[in-house]
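Novice: Quick one, data.csv (CSV, C-alpha atoms):
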```csv
chain,number,residue,atom,x,y,z
U,1,MET,CA,-19.2,-168.7,106.6
U,2,GLY,CA,-17.7,-170.4,109.6
U,3,SER,CA,-14.5,-169.3,111.1
U,4,SER,CA,-12.5,-169.9,107.9
U,5,LEU,CA,-12.9,-168.3,104.5
U,6,SER,CA,-14.5,-170.1,101.6
U,7,TYR,CA,-13.1,-169.7,98.1
U,8,GLU,CA,-15.9,-167.2,97.2
U,9,GLU,CA,-15.3,-165.2,100.3
U,10,LEU,CA,-11.6,-165.2,99.8
U,11,GLU,CA,-12.1,-163.9,96.2
U,12,LYS,CA,-14.2,-161.0,97.6
U,13,LEU,CA,-11.6,-160.3,100.3
U,14,GLN,CA,-8.8,-160.3,97.7
U,15,ASP,CA,-10.7,-157.5,95.8
U,16,ILE,CA,-10.9,-155.5,99.0
U,17,GLY,CA,-7.2,-156.1,99.7
U,18,THR,CA,-6.2,-154.9,96.2
U,19,TRP,CA,-8.5,-151.9,96.6
U,20,MET,CA,-6.9,-151.1,100.0
U,21,GLN,CA,-3.4,-151.2,98.5
U,22,ASP,CA,-4.5,-148.5,96.0
U,23,HIS,CA,-6.4,-146.3,98.5
U,24,PRO,CA,-5.6,-145.0,102.0
U,25,ASN,CA,-9.1,-145.7,103.4
U,26,SER,CA,-9.7,-147.9,106.4
U,27,ILE,CA,-12.4,-150.6,106.6
U,28,THR,CA,-14.7,-151.5,109.5
U,29,ILE,CA,-15.6,-155.1,109.9
U,30,ALA,CA,-19.0,-155.8,111.5
U,31,PRO,CA,-19.2,-159.6,112.1
U,32,PHE,CA,-22.4,-161.6,112.6
U,33,ALA,CA,-22.9,-164.9,114.4
U,34,ASP,CA,-26.2,-166.4,115.3
U,35,SER,CA,-25.9,-168.8,118.2
U,36,GLN,CA,-28.0,-169.8,121.2
U,37,ALA,CA,-24.8,-169.6,123.3
U,38,GLN,CA,-23.6,-166.0,123.6
U,39,ASP,CA,-20.0,-167.1,124.3
U,40,ALA,CA,-19.9,-169.2,121.2
U,41,ALA,CA,-21.3,-166.3,119.1
U,42,VAL,CA,-18.6,-163.9,120.4
U,43,GLN,CA,-15.9,-166.5,119.8
U,44,LEU,CA,-17.1,-167.1,116.2
U,45,LYS,CA,-17.2,-163.3,115.5
U,46,ASP,CA,-13.6,-162.9,116.8
U,47,MET,CA,-12.4,-165.9,114.7
U,48,ARG,CA,-14.1,-164.3,111.6
U,49,VAL,CA,-12.4,-161.0,112.2
U,50,ALA,CA,-9.0,-162.7,112.8
U,51,ALA,CA,-9.3,-164.7,109.5
U,52,ILE,CA,-10.0,-161.4,107.5
U,53,ARG,CA,-7.3,-159.5,109.3
U,54,LYS,CA,-4.8,-162.3,108.6
U,55,VAL,CA,-5.5,-162.2,104.8
U,56,LEU,CA,-5.3,-158.4,104.6
U,57,THR,CA,-2.2,-158.0,106.6
U,58,GLU,CA,-0.2,-161.0,105.5
U,59,GLN,CA,-1.2,-161.3,101.8
U,60,PHE,CA,-1.7,-157.6,101.0
U,61,GLY,CA,0.5,-155.8,103.5
U,62,ILE,CA,-2.3,-153.7,104.9
U,63,ASP,CA,-1.5,-151.9,108.1
U,64,ASN,CA,-3.5,-153.5,111.0
U,65,LYS,CA,-4.5,-150.0,112.1
U,66,ARG,CA,-6.6,-149.6,108.9
U,67,ILE,CA,-8.8,-152.7,109.8
U,68,LEU,CA,-11.3,-151.5,112.4
U,69,VAL,CA,-14.0,-153.7,114.1
U,70,SER,CA,-17.5,-152.7,115.2
U,71,THR,CA,-20.9,-154.3,115.8
U,72,PRO,CA,-23.6,-154.4,113.2
U,73,GLU,CA,-25.8,-152.3,115.4
U,74,LYS,CA,-23.2,-149.6,115.9
U,75,MET,CA,-22.8,-149.4,112.1
U,76,GLY,CA,-26.6,-149.0,111.6
U,77,TYR,CA,-27.2,-152.5,110.3
U,78,ILE,CA,-29.9,-153.6,112.7
U,79,ASN,CA,-32.2,-155.8,110.7
U,80,LYS,CA,-30.0,-158.6,109.6
U,81,THR,CA,-31.6,-160.9,107.0
U,82,GLY,CA,-30.2,-163.8,104.9
U,83,GLN,CA,-27.0,-165.6,105.7
U,84,GLU,CA,-24.5,-162.8,106.0
U,85,ALA,CA,-21.5,-163.5,108.2
U,86,LEU,CA,-20.1,-160.0,108.1
U,87,ILE,CA,-20.3,-156.7,106.4
U,88,ILE,CA,-17.3,-154.6,105.6
U,89,PHE,CA,-17.7,-150.8,105.5
U,90,MET,CA,-15.1,-148.6,103.7
U,91,THR,CA,-14.4,-145.2,105.1
U,92,GLU,CA,-12.3,-142.2,104.1
```
Could you write out this file's structure as structure tokens?

Specialist:
Amino acid sequence: MGSSLSYEELEKLQDIGTWMQDHPNSITIAPFADSQAQDAAVQLKDMRVAAIRKVLTEQFGIDNKRILVSTPEKMGYINKTGQEALIIFMTE
């Protein structure tokens, strides 16, 4: 995943958007980005969050306050493996 959503990622996000329309829960996005340049990693993480936020707010009418952002480490996801670009946690 780059800074835009692929077809597969968009399908998953649409499932989350539909679910959020039916439930009052918030979600927390924990974006990942591997980069030698720290500034580039931070920028990529921000762009990933913005892409997700845009889909959920514009296409599904989800209140922006229900879309929280954290770091993987703060969410307890310390040992990242594979090619995950983000993890979304749903909370009550």

Novice: Kindly indicate which residue among U:Ala51, U:Gly76, U:Gln59, U:Ser70 lies nearest to Pro31 in chain U, using only C-alpha atoms for the distances.

Specialist: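 Under the stated criterion, the closest residue is U:Ser70.
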
Novice: Quote the spacing between CA of Gly17 in chain U and CA of Asp46 in chain U in Å to one decimal place.

Specialist: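 Answer for the CA of Gly17 in chain U to CA of Asp46 in chain U separation: 19.5 Å.
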
Novice: Just want the 9 Å neighbourhood of Leu56 in chain U, counted on all atoms listed in the file, with same-chain residues fewer than 4 positions away dropped. Output as a list in words.

Specialist: Leu13, Gln14, Ile16, Gly17, Met20, Ala51, Ile52, Phe60, Gly61, Ile62, Asp63, Asn64 and Ile67 of chain U

Novice: One decimal, in Å: what's the spacing between CA of Glu11 in chain U and CA of Gln43 in chain U?

Specialist: 24.0 Å

Novice: Using only C-alpha atoms, which of the listed residues (U:Leu10, U:Ile29, U:Met47, U:Ala41) sits closest to Arg66 in chain U?

Specialist: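 Once distances to Arg66 in chain U are computed over only C-alpha atoms, the minimum belongs to U:Ile29.
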
Novice: If you measure from CA of Lys54 in chain U to CA of Pro72 in chain U, what distance in Å do you get, rounded to one decimal?

Specialist: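 Result for CA of Lys54 in chain U versus CA of Pro72 in chain U: 20.9 Å, one decimal.
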
Novice: Ranking U:Arg48, U:Arg53, U:His23, U:Lys12 by minimum distance to Leu68 in chain U and counting only C-alpha atoms, which one comes first?

Specialist: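 Once distances to Leu68 in chain U are computed over only C-alpha atoms, the minimum belongs to U:Arg53.
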
Novice: Select, from U:Val42, U:Ala33, U:Met75, U:Ala50, the residue with the minimum atom-to-atom distance to Leu5 in chain U, counting all atoms listed in the file.

Specialist: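 Going through U:Val42, U:Ala33, U:Met75, U:Ala50 one by one, the smallest distance to Leu5 in chain U is for U:Ala50.
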
Novice: Restricting the calculation to only C-alpha atoms, which member of U:Ser6, U:Lys45, U:Asp15, U:Glu58 is positioned closest to Ala30 in chain U?

Specialist: U:Lys45
